[in-house]
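Below is start.cif, holding mmCIF, C-alpha atoms and all ligand atoms.
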data_model
#
loop_
_atom_site.label_atom_id
_atom_site.label_comp_id
_atom_site.auth_asym_id
_atom_site.auth_seq_id
_atom_site.Cartn_x
_atom_site.Cartn_y
_atom_site.Cartn_z
CA MET Y 1 81.90 105.59 120.92
CA SER Y 2 78.69 105.05 119.01
CA GLY Y 3 76.21 102.37 119.93
CA LYS Y 4 76.54 100.87 116.49
CA THR Y 5 77.76 97.35 115.80
CA ALA Y 6 81.16 97.40 114.10
CA ILE Y 7 80.70 94.40 111.84
CA VAL Y 8 77.79 92.18 110.90
CA MET Y 9 78.30 89.54 108.21
CA GLU Y 10 75.27 87.57 107.11
CA ASN Y 11 75.92 84.49 105.01
CA ILE Y 12 78.87 86.11 103.22
CA LYS Y 13 80.07 84.27 100.13
CA LYS Y 14 82.96 84.95 97.83
CA VAL Y 15 83.45 83.20 94.53
CA TYR Y 16 86.55 83.90 92.43
CA LYS Y 17 86.01 83.23 88.75
CA MET Y 18 89.03 82.25 86.72
CA GLY Y 19 88.00 81.45 83.19
CA GLU Y 20 85.83 78.37 83.37
CA THR Y 21 86.63 77.51 86.96
CA GLU Y 22 85.03 78.93 90.08
CA LEU Y 23 86.76 79.02 93.42
CA HIS Y 24 84.47 79.25 96.43
CA ALA Y 25 86.72 81.08 98.89
CA LEU Y 26 83.97 81.94 101.42
CA LYS Y 27 80.98 79.63 101.72
CA GLY Y 28 78.51 81.52 103.90
CA ILE Y 29 80.17 83.29 106.83
CA SER Y 30 77.96 84.85 109.49
CA LEU Y 31 79.41 86.74 112.42
CA THR Y 32 79.03 89.87 114.52
CA ILE Y 33 81.86 91.95 115.96
CA LYS Y 34 80.93 94.64 118.46
CA ASN Y 35 82.63 98.00 118.83
CA GLY Y 36 85.81 97.82 120.89
CA GLU Y 37 86.41 94.09 120.42
CA MET Y 38 89.84 92.65 119.66
CA VAL Y 39 89.44 89.55 117.53
CA ALA Y 40 91.88 87.05 116.03
CA ILE Y 41 91.08 85.06 112.89
CA MET Y 42 92.98 81.80 112.45
CA GLY Y 43 92.85 79.05 109.86
CA SER Y 44 95.21 77.20 107.56
CA SER Y 45 96.63 78.67 104.37
CA GLY Y 46 93.94 79.15 101.73
CA SER Y 47 91.06 78.91 104.23
CA GLY Y 48 89.80 82.38 103.28
CA LYS Y 49 91.18 84.64 106.03
CA SER Y 50 92.50 87.40 103.79
CA THR Y 51 89.42 87.23 101.59
CA MET Y 52 87.27 87.78 104.69
CA LEU Y 53 89.45 90.65 105.95
CA ASN Y 54 89.39 92.32 102.54
CA ILE Y 55 85.59 92.25 102.55
CA MET Y 56 85.53 93.60 106.13
CA GLY Y 57 87.83 96.40 104.98
CA CYS Y 58 85.76 97.25 101.89
CA LEU Y 59 88.74 96.38 99.69
CA ASP Y 60 86.61 93.77 98.00
CA LYS Y 61 82.91 92.98 97.66
CA PRO Y 62 81.18 89.72 98.56
CA THR Y 63 79.47 87.74 95.79
CA GLY Y 64 76.66 86.84 98.18
CA GLY Y 65 75.27 87.76 101.56
CA THR Y 66 75.10 91.10 103.33
CA TYR Y 67 77.83 93.04 105.05
CA TYR Y 68 76.93 95.78 107.54
CA LEU Y 69 79.70 98.12 108.67
CA ASP Y 70 78.59 100.33 111.59
CA ASP Y 71 75.02 99.16 110.89
CA GLU Y 72 75.14 100.31 107.27
CA ASP Y 73 74.72 97.81 104.45
CA VAL Y 74 77.88 98.34 102.39
CA SER Y 75 77.62 95.22 100.24
CA GLN Y 76 75.96 97.09 97.38
CA LEU Y 77 78.15 100.21 97.33
CA ASP Y 78 80.29 101.03 94.31
CA LYS Y 79 84.08 101.36 94.22
CA ASP Y 80 84.21 105.09 94.97
CA GLN Y 81 81.80 104.79 97.88
CA LEU Y 82 83.84 101.93 99.32
CA ALA Y 83 87.05 103.94 98.91
CA ALA Y 84 85.48 106.86 100.80
CA ILE Y 85 84.49 104.57 103.66
CA ARG Y 86 87.97 103.03 103.81
CA SER Y 87 89.78 106.33 103.95
CA LYS Y 88 87.61 107.68 106.77
CA ARG Y 89 86.89 104.70 108.97
CA ILE Y 90 89.34 101.87 108.42
CA GLY Y 91 93.07 101.43 109.02
CA PHE Y 92 95.06 98.57 107.49
CA ILE Y 93 98.21 96.82 108.64
CA PHE Y 94 99.88 94.16 106.46
CA GLN Y 95 102.56 91.54 106.92
CA GLY Y 96 104.90 93.23 104.43
CA PHE Y 97 104.29 96.74 105.91
CA ASN Y 98 103.37 98.13 102.44
CA LEU Y 99 105.33 101.35 102.95
CA LEU Y 100 106.88 103.54 100.29
CA GLY Y 101 110.56 102.76 100.74
CA ASN Y 102 112.14 105.91 99.39
CA VAL Y 103 110.08 108.68 100.94
CA SER Y 104 110.22 109.74 104.58
CA VAL Y 105 108.38 108.14 107.44
CA LEU Y 106 106.42 111.39 107.84
CA ALA Y 107 105.31 111.25 104.19
CA ASN Y 108 104.27 107.60 104.56
CA THR Y 109 102.12 108.42 107.57
CA GLN Y 110 100.51 111.34 105.72
CA LEU Y 111 99.34 109.19 102.79
CA PRO Y 112 95.81 108.31 103.99
CA MET Y 113 95.18 112.00 104.70
CA ILE Y 114 96.10 112.95 101.14
CA TYR Y 115 93.35 110.60 99.95
CA ALA Y 116 90.99 112.09 102.54
CA GLY Y 117 91.76 115.65 101.40
CA VAL Y 118 93.17 117.01 104.68
CA GLY Y 119 95.00 120.39 104.59
CA LYS Y 120 98.79 120.49 104.67
CA THR Y 121 99.45 121.88 108.18
CA GLU Y 122 96.86 119.63 109.76
CA MET Y 123 98.35 116.72 107.86
CA ILE Y 124 101.83 117.31 109.26
CA ASN Y 125 100.54 117.82 112.80
CA LYS Y 126 98.43 114.68 112.73
CA ALA Y 127 101.21 112.57 111.22
CA ARG Y 128 103.64 113.77 113.90
CA GLU Y 129 101.09 112.97 116.59
CA ALA Y 130 100.53 109.45 115.22
CA LEU Y 131 104.28 108.83 114.95
CA ASP Y 132 104.76 110.09 118.46
CA TRP Y 133 102.05 107.70 119.62
CA VAL Y 134 103.87 104.67 118.19
CA GLY Y 135 107.19 105.89 119.64
CA LEU Y 136 108.86 107.03 116.43
CA SER Y 137 109.02 110.81 116.84
CA GLU Y 138 112.79 110.72 116.36
CA TYR Y 139 112.51 108.92 113.04
CA ILE Y 140 110.18 111.16 111.06
CA ASN Y 141 112.83 112.05 108.46
CA HIS Y 142 114.17 108.52 108.03
CA ASN Y 143 113.20 106.38 105.08
CA PRO Y 144 111.55 103.03 105.89
CA GLY Y 145 114.32 101.30 103.94
CA GLN Y 146 116.76 102.31 106.71
CA MET Y 147 114.64 100.89 109.52
CA SER Y 148 114.14 97.52 111.22
CA GLY Y 149 111.06 95.40 110.53
CA GLY Y 150 109.53 96.31 113.89
CA GLN Y 151 110.08 100.01 113.26
CA GLN Y 152 108.59 99.74 109.78
CA GLN Y 153 105.52 98.04 111.19
CA ARG Y 154 105.17 100.92 113.69
CA VAL Y 155 105.22 103.35 110.77
CA ALA Y 156 102.48 101.27 109.16
CA ILE Y 157 100.49 101.41 112.41
CA SER Y 158 100.88 105.20 112.60
CA ARG Y 159 99.62 105.39 109.01
CA ALA Y 160 96.68 103.13 109.91
CA LEU Y 161 95.63 105.28 112.87
CA VAL Y 162 96.25 108.76 111.46
CA ASN Y 163 92.67 109.26 110.21
CA ASN Y 164 91.17 108.18 113.55
CA PRO Y 165 89.56 105.01 112.20
CA SER Y 166 86.96 103.11 114.19
CA LEU Y 167 88.27 99.80 112.82
CA ILE Y 168 91.80 98.47 112.34
CA LEU Y 169 92.35 95.36 110.22
CA ALA Y 170 95.68 93.57 110.36
CA ASP Y 171 96.63 90.72 108.00
CA GLU Y 172 99.49 88.76 109.60
CA PRO Y 173 100.99 91.91 111.18
CA THR Y 174 103.75 89.90 112.87
CA GLY Y 175 104.30 87.36 110.08
CA ALA Y 176 107.64 88.88 109.07
CA LEU Y 177 108.93 89.59 112.59
CA ASP Y 178 110.86 87.65 115.24
CA SER Y 179 109.03 86.66 118.42
CA LYS Y 180 110.13 89.56 120.65
CA THR Y 181 109.43 92.16 117.95
CA SER Y 182 106.06 90.47 117.39
CA ILE Y 183 105.15 91.08 121.03
CA GLU Y 184 106.28 94.71 120.72
CA ILE Y 185 103.98 95.17 117.73
CA ILE Y 186 101.05 93.41 119.36
CA ALA Y 187 101.60 95.67 122.39
CA VAL Y 188 101.07 98.73 120.18
CA ILE Y 189 97.96 97.13 118.66
CA GLN Y 190 96.61 96.25 122.12
CA LYS Y 191 97.19 99.86 123.16
CA LEU Y 192 95.19 101.03 120.13
CA ASN Y 193 92.35 98.81 121.22
CA ILE Y 194 92.42 99.66 124.92
CA GLU Y 195 93.37 103.35 124.93
CA LYS Y 196 91.66 104.49 121.76
CA GLY Y 197 88.77 102.00 121.86
CA ILE Y 198 89.40 101.01 118.24
CA THR Y 199 87.89 97.71 117.10
CA VAL Y 200 90.71 95.39 115.98
CA VAL Y 201 90.62 92.29 113.79
CA ILE Y 202 93.91 90.41 113.31
CA VAL Y 203 94.55 87.52 110.95
CA THR Y 204 97.38 85.38 112.27
CA HIS Y 205 98.94 81.95 111.91
CA ASP Y 206 100.48 82.28 115.35
CA LYS Y 207 98.45 80.95 118.29
CA ASP Y 208 100.66 82.91 120.72
CA ILE Y 209 99.68 86.13 118.95
CA ALA Y 210 95.99 85.17 118.92
CA LEU Y 211 96.11 84.90 122.73
CA TYR Y 212 96.61 88.68 122.93
CA CYS Y 213 93.12 89.07 121.50
CA ARG Y 214 89.87 88.61 123.41
CA ARG Y 215 88.15 86.39 120.91
CA LEU Y 216 89.30 83.73 118.51
CA ILE Y 217 87.53 82.90 115.26
CA ASN Y 218 88.58 79.81 113.31
CA ILE Y 219 87.84 79.30 109.66
CA LYS Y 220 88.38 76.26 107.49
CA ASP Y 221 87.66 75.87 103.77
CA GLY Y 222 85.71 79.13 103.69
CA LYS Y 223 83.49 78.24 106.66
CA LEU Y 224 83.44 79.44 110.22
CA ILE Y 225 84.22 76.44 112.43
CA GLY Y 226 84.96 78.06 115.78
CA ASP Y 227 84.22 81.27 117.69
CA THR Y 228 85.44 81.29 121.28
CA PRO Y 229 86.42 83.86 123.88
CA VAL Y 230 90.09 83.92 124.92
CA LEU Y 231 89.67 83.24 128.62
CA ASP Y 232 93.02 84.59 129.74
CA GLN Y 233 93.91 87.38 127.32
CA ARG Y 234 97.64 88.07 127.44
CA ASN Y 235 98.97 91.54 128.14
CA ALA Y 236 101.81 92.32 125.73
CA ALA Y 237 103.19 95.27 127.73
CA LYS Y 238 103.48 93.00 130.77
CA ASP Y 239 105.11 90.23 128.76
CA LEU Y 240 107.65 92.69 127.35
CA ALA Y 241 108.49 93.97 130.80
CA ALA Y 242 109.01 90.39 131.99
CA LEU Y 243 111.23 89.67 128.97
CA ALA Y 244 113.33 92.77 129.61
CA GLN Y 245 113.79 91.78 133.24
CA GLU Y 246 114.77 88.25 132.31
CA ARG Y 247 117.38 89.54 129.87
CA GLY Y 248 118.57 92.11 132.36
CA PHE Y 249 119.22 89.40 134.95
CA GLY Y 250 120.78 87.15 132.32
CA SER Y 251 123.46 89.58 131.22
N1 LIG L 1 92.17 87.21 93.62
C1 LIG L 1 91.98 85.89 93.66
N2 LIG L 1 91.64 85.20 92.55
C2 LIG L 1 91.41 83.89 92.58
N3 LIG L 1 91.50 83.12 93.70
C3 LIG L 1 91.84 83.74 94.83
C4 LIG L 1 92.10 85.15 94.89
N4 LIG L 1 92.41 85.48 96.17
C5 LIG L 1 92.36 84.34 96.86
N5 LIG L 1 92.01 83.29 96.09
C6 LIG L 1 91.81 81.90 96.53
O1 LIG L 1 90.82 81.91 97.55
C7 LIG L 1 91.16 81.01 98.61
C8 LIG L 1 91.28 81.78 99.91
O2 LIG L 1 92.40 82.67 99.80
P1 LIG L 1 92.84 83.62 100.99
O3 LIG L 1 93.92 84.48 100.45
O4 LIG L 1 91.66 84.30 101.55
O5 LIG L 1 93.41 82.57 102.03
P2 LIG L 1 94.17 82.82 103.42
O6 LIG L 1 93.42 82.08 104.46
O7 LIG L 1 94.38 84.28 103.63
O8 LIG L 1 95.57 82.08 103.16
P3 LIG L 1 97.05 82.45 103.69
O9 LIG L 1 97.11 81.99 105.11
O10 LIG L 1 97.94 81.64 102.80
O11 LIG L 1 97.26 83.91 103.53
C9 LIG L 1 92.46 80.33 98.17
O12 LIG L 1 92.14 79.12 97.58
C10 LIG L 1 93.04 81.29 97.14
O13 LIG L 1 93.83 80.61 96.21
MG MG L 2 96.08 85.49 103.71
#
Translate this structure into structure tokens?
Amino acid sequence: MSGKTAIVMENIKKVYKMGETELHALKGISLTIKNGEMVAIMGSSGSGKSTMLNIMGCLDKPTGGTYYLDDEDVSQLDKDQLAAIRSKRIGFIFQGFNLLGNVSVLANTQLPMIYAGVGKTEMINKAREALDWVGLSEYINHNPGQMSGGQQQRVAISRALVNNPSLILADEPTGALDSKTSIEIIAVIQKLNIEKGITVVIVTHDKDIALYCRRLINIKDGKLIGDTPVLDQRNAAKDLAALAQERGFGS
């Protein structure tokens, strides 16, 4: 892993203009996230979480302030430059999975590599490897439409990790899942962080999910109002094992 700092935001502002009205979604956010951290962002609806994540992921540009990704100022880059950075260095996971429903799981996982211009054989091998890693090697020819929510989110995770990103950004990754499936998904994300050393930032409404991270950032009305370590980070694999045992004894 490089000695670079994953994320530095300095006084980041975002103003949405809609006709005459201006909406100040981010009002000067400053924060640093080091390589290998696993961070949760919480805050009520409309507080600016997704706006912040989209800027972190180079999906959108700030209207003020400076954003350094891996020590490089990316706040002035144009659309194509941002797209190139995204496809090489960043993986995204969304609440609604954002998969193509009527093509295979393998094809879904290959998508980011098409944008990155990877050759066909390498693309298939890497997609299989990523699907294997999330435990879906038996499902490569299924269509996401035939799979459970938890399985679909695993496909999305395999797609996010297939280009070996240094940063994974997840916007409410468990928002559409029941509580046990949520822990299964957070277990895969924790594994990404621990085994692959990937920096992870997760937006969540769920305090229980935030406790699987090592640091908790709170935002309110576009401002950072809290930034605290999670003193007793939960281990999702352990919690799943405990759940399985409980259910085993129960039946
Ligand atoms: N493209 C846009 N155009 C105009 N206003 C926007 C746009 N995107 C977001 N906003 C506004 O910016 C503010 C912050 O939105 P954002 O989506 O970042 O909130 P959030 O914290 O992710 O909320 P939620 O928990 O509901 O997802 C809100 O007031 C929202 O209405
Ligand atoms: Mg949001």
For Gln190 of chain Y, which residue out of Y:Cys213, Y:Met123, Y:Leu99, Y:Leu59 is the nearest one, using all atoms listed in the file? Y:Cys213
For ligand LIG 1 (chain L), list the contacting residues at 7 Å or closer, counting only C-alpha atoms and all ligand atoms, as a PDB file with C-alpha atoms, in the frame of the given file.
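Full text of selection.pdb as output:
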ATOM      1  CA  TYR Y  16      86.550  83.900  92.430  1.00  0.00           C
ATOM      2  CA  LYS Y  17      86.010  83.230  88.750  1.00  0.00           C
ATOM      3  CA  MET Y  18      89.030  82.250  86.720  1.00  0.00           C
ATOM      4  CA  LEU Y  23      86.760  79.020  93.420  1.00  0.00           C
ATOM      5  CA  HIS Y  24      84.470  79.250  96.430  1.00  0.00           C
ATOM      6  CA  ALA Y  25      86.720  81.080  98.890  1.00  0.00           C
ATOM      7  CA  GLY Y  43      92.850  79.050 109.860  1.00  0.00           C
ATOM      8  CA  SER Y  44      95.210  77.200 107.560  1.00  0.00           C
ATOM      9  CA  SER Y  45      96.630  78.670 104.370  1.00  0.00           C
ATOM     10  CA  GLY Y  46      93.940  79.150 101.730  1.00  0.00           C
ATOM     11  CA  SER Y  47      91.060  78.910 104.230  1.00  0.00           C
ATOM     12  CA  GLY Y  48      89.800  82.380 103.280  1.00  0.00           C
ATOM     13  CA  LYS Y  49      91.180  84.640 106.030  1.00  0.00           C
ATOM     14  CA  SER Y  50      92.500  87.400 103.790  1.00  0.00           C
ATOM     15  CA  THR Y  51      89.420  87.230 101.590  1.00  0.00           C
ATOM     16  CA  MET Y  52      87.270  87.780 104.690  1.00  0.00           C
TER      17      MET Y  52
END
Test item: residues at most 10 Å from Ala6 of chain Y, all atoms listed in the file, excluding those fewer than 4 positions along its chain, as an MDAnalysis selection string: chainID Y and resid 2 32:37 56 68:72 166:167 198:200
Starting from the point (94.1, 89.3, 108.6), work out which residues of protein, DNA or RNA have an atom no more than 10 Å away when counting only C-alpha atoms; state them as a ChimeraX atom specification. /Y:40-42,48-54,56,92-95,169-173,201-205
Taking (113.0, 109.0, 97.6) in the coordinates of the supplied file, I want to know which residues reach to within 12 Å of it, counting only C-alpha atoms; could you give the answer as a PyMOL selection string? chain Y and resi 100-105+107-108+141-146
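Candidate residues Y:Gly96, Y:Lys238, Y:Pro229, Y:Ile185 were compared for distance to ligand MG 2 (chain L), and the nearest is Y:Gly96, using only C-alpha atoms and all ligand atoms.
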One decimal place gives the atom CA of Pro165 of chain Y-atom CA of Gly91 of chain Y separation as 5.9 Å
Within 10 Å of Leu211 of chain Y, counting only C-alpha atoms, which residues qualify if same-chain residues fewer than 6 places away don't, as number ranges by chain? Y: 39-40, 229-236
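For the atom pair formed by atom CA of Gln110 of chain Y and atom CA of Lys126 of chain Y, the distance is 8.0 Å, given to one decimal.
With all atoms listed in the file as the atoms that count, the residue of Y:Ile219, Y:Val15, Y:Leu240, Y:Ala83 with the shortest distance to ligand MG 2 (chain L) is Y:Ile219.
Between atom CA of Leu106 of chain Y and atom CA of Ala237 of chain Y there is a distance of 25.8 Å.
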Shell around Val155 of chain Y at 7 Å using all atoms listed in the file, local window under 4 positions removed, as a list in words: Val105, Thr109, Leu131, Gln151 and Arg159 of chain Y
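If only C-alpha atoms are the atoms counted, then among Y:Cys58, Y:Ile114, Y:Val188, Y:Ile157 the closest residue to Gln81 of chain Y is Y:Cys58.
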Only N, CA and C atoms needed: put segment 118-138 of chain Y from the block into a file as an mmCIF file, in the first residue's frame.
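The resulting result38.cif:
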data_model
loop_
_atom_site.group_PDB
_atom_site.id
_atom_site.type_symbol
_atom_site.label_atom_id
_atom_site.label_comp_id
_atom_site.auth_asym_id
_atom_site.auth_seq_id
_atom_site.Cartn_x
_atom_site.Cartn_y
_atom_site.Cartn_z
ATOM 1 N N VAL Y 118 -9.869 -3.504 -20.645
ATOM 2 C CA VAL Y 118 -9.142 -4.746 -20.375
ATOM 3 C C VAL Y 118 -9.477 -5.776 -21.471
ATOM 4 N N GLY Y 119 -8.503 -6.622 -21.824
ATOM 5 C CA GLY Y 119 -8.721 -7.644 -22.863
ATOM 6 C C GLY Y 119 -9.700 -8.716 -22.416
ATOM 7 N N LYS Y 120 -10.277 -9.438 -23.403
ATOM 8 C CA LYS Y 120 -11.400 -10.320 -23.126
ATOM 9 C C LYS Y 120 -11.079 -11.471 -22.155
ATOM 10 N N THR Y 121 -9.968 -12.173 -22.411
ATOM 11 C CA THR Y 121 -9.645 -13.334 -21.562
ATOM 12 C C THR Y 121 -9.366 -12.881 -20.139
ATOM 13 N N GLU Y 122 -8.592 -11.807 -20.031
ATOM 14 C CA GLU Y 122 -8.260 -11.284 -18.709
ATOM 15 C C GLU Y 122 -9.538 -10.848 -17.982
ATOM 16 N N MET Y 123 -10.461 -10.302 -18.770
ATOM 17 C CA MET Y 123 -11.707 -9.821 -18.201
ATOM 18 C C MET Y 123 -12.504 -10.979 -17.587
ATOM 19 N N ILE Y 124 -12.584 -12.073 -18.317
ATOM 20 C CA ILE Y 124 -13.339 -13.232 -17.816
ATOM 21 C C ILE Y 124 -12.648 -13.805 -16.575
ATOM 22 N N ASN Y 125 -11.331 -13.932 -16.643
ATOM 23 C CA ASN Y 125 -10.607 -14.497 -15.499
ATOM 24 C C ASN Y 125 -10.777 -13.637 -14.247
ATOM 25 N N LYS Y 126 -10.648 -12.339 -14.427
ATOM 26 C CA LYS Y 126 -10.759 -11.443 -13.266
ATOM 27 C C LYS Y 126 -12.171 -11.429 -12.699
ATOM 28 N N ALA Y 127 -13.170 -11.466 -13.581
ATOM 29 C CA ALA Y 127 -14.561 -11.469 -13.120
ATOM 30 C C ALA Y 127 -14.847 -12.754 -12.344
ATOM 31 N N ARG Y 128 -14.349 -13.886 -12.857
ATOM 32 C CA ARG Y 128 -14.544 -15.162 -12.146
ATOM 33 C C ARG Y 128 -13.880 -15.120 -10.769
ATOM 34 N N GLU Y 129 -12.693 -14.558 -10.735
ATOM 35 C CA GLU Y 129 -11.948 -14.457 -9.470
ATOM 36 C C GLU Y 129 -12.723 -13.604 -8.459
ATOM 37 N N ALA Y 130 -13.257 -12.470 -8.930
ATOM 38 C CA ALA Y 130 -14.001 -11.570 -8.031
ATOM 39 C C ALA Y 130 -15.282 -12.245 -7.547
ATOM 40 N N LEU Y 131 -15.949 -12.975 -8.444
ATOM 41 C CA LEU Y 131 -17.188 -13.662 -8.053
ATOM 42 C C LEU Y 131 -16.903 -14.796 -7.090
ATOM 43 N N ASP Y 132 -15.786 -15.446 -7.295
ATOM 44 C CA ASP Y 132 -15.353 -16.496 -6.385
ATOM 45 C C ASP Y 132 -15.120 -15.889 -4.993
ATOM 46 N N TRP Y 133 -14.495 -14.740 -4.987
ATOM 47 C CA TRP Y 133 -14.145 -14.070 -3.732
ATOM 48 C C TRP Y 133 -15.379 -13.707 -2.901
ATOM 49 N N VAL Y 134 -16.473 -13.351 -3.573
ATOM 50 C CA VAL Y 134 -17.701 -13.020 -2.827
ATOM 51 C C VAL Y 134 -18.595 -14.245 -2.643
ATOM 52 N N GLY Y 135 -18.118 -15.428 -3.066
ATOM 53 C CA GLY Y 135 -18.855 -16.669 -2.825
ATOM 54 C C GLY Y 135 -19.961 -16.953 -3.829
ATOM 55 N N LEU Y 136 -19.791 -16.458 -5.059
ATOM 56 C CA LEU Y 136 -20.846 -16.661 -6.053
ATOM 57 C C LEU Y 136 -20.379 -17.434 -7.283
ATOM 58 N N SER Y 137 -19.321 -18.239 -7.138
ATOM 59 C CA SER Y 137 -18.784 -18.889 -8.345
ATOM 60 C C SER Y 137 -19.801 -19.804 -9.017
ATOM 61 N N GLU Y 138 -20.786 -20.264 -8.269
ATOM 62 C CA GLU Y 138 -21.789 -21.150 -8.887
ATOM 63 C C GLU Y 138 -22.909 -20.382 -9.588
#
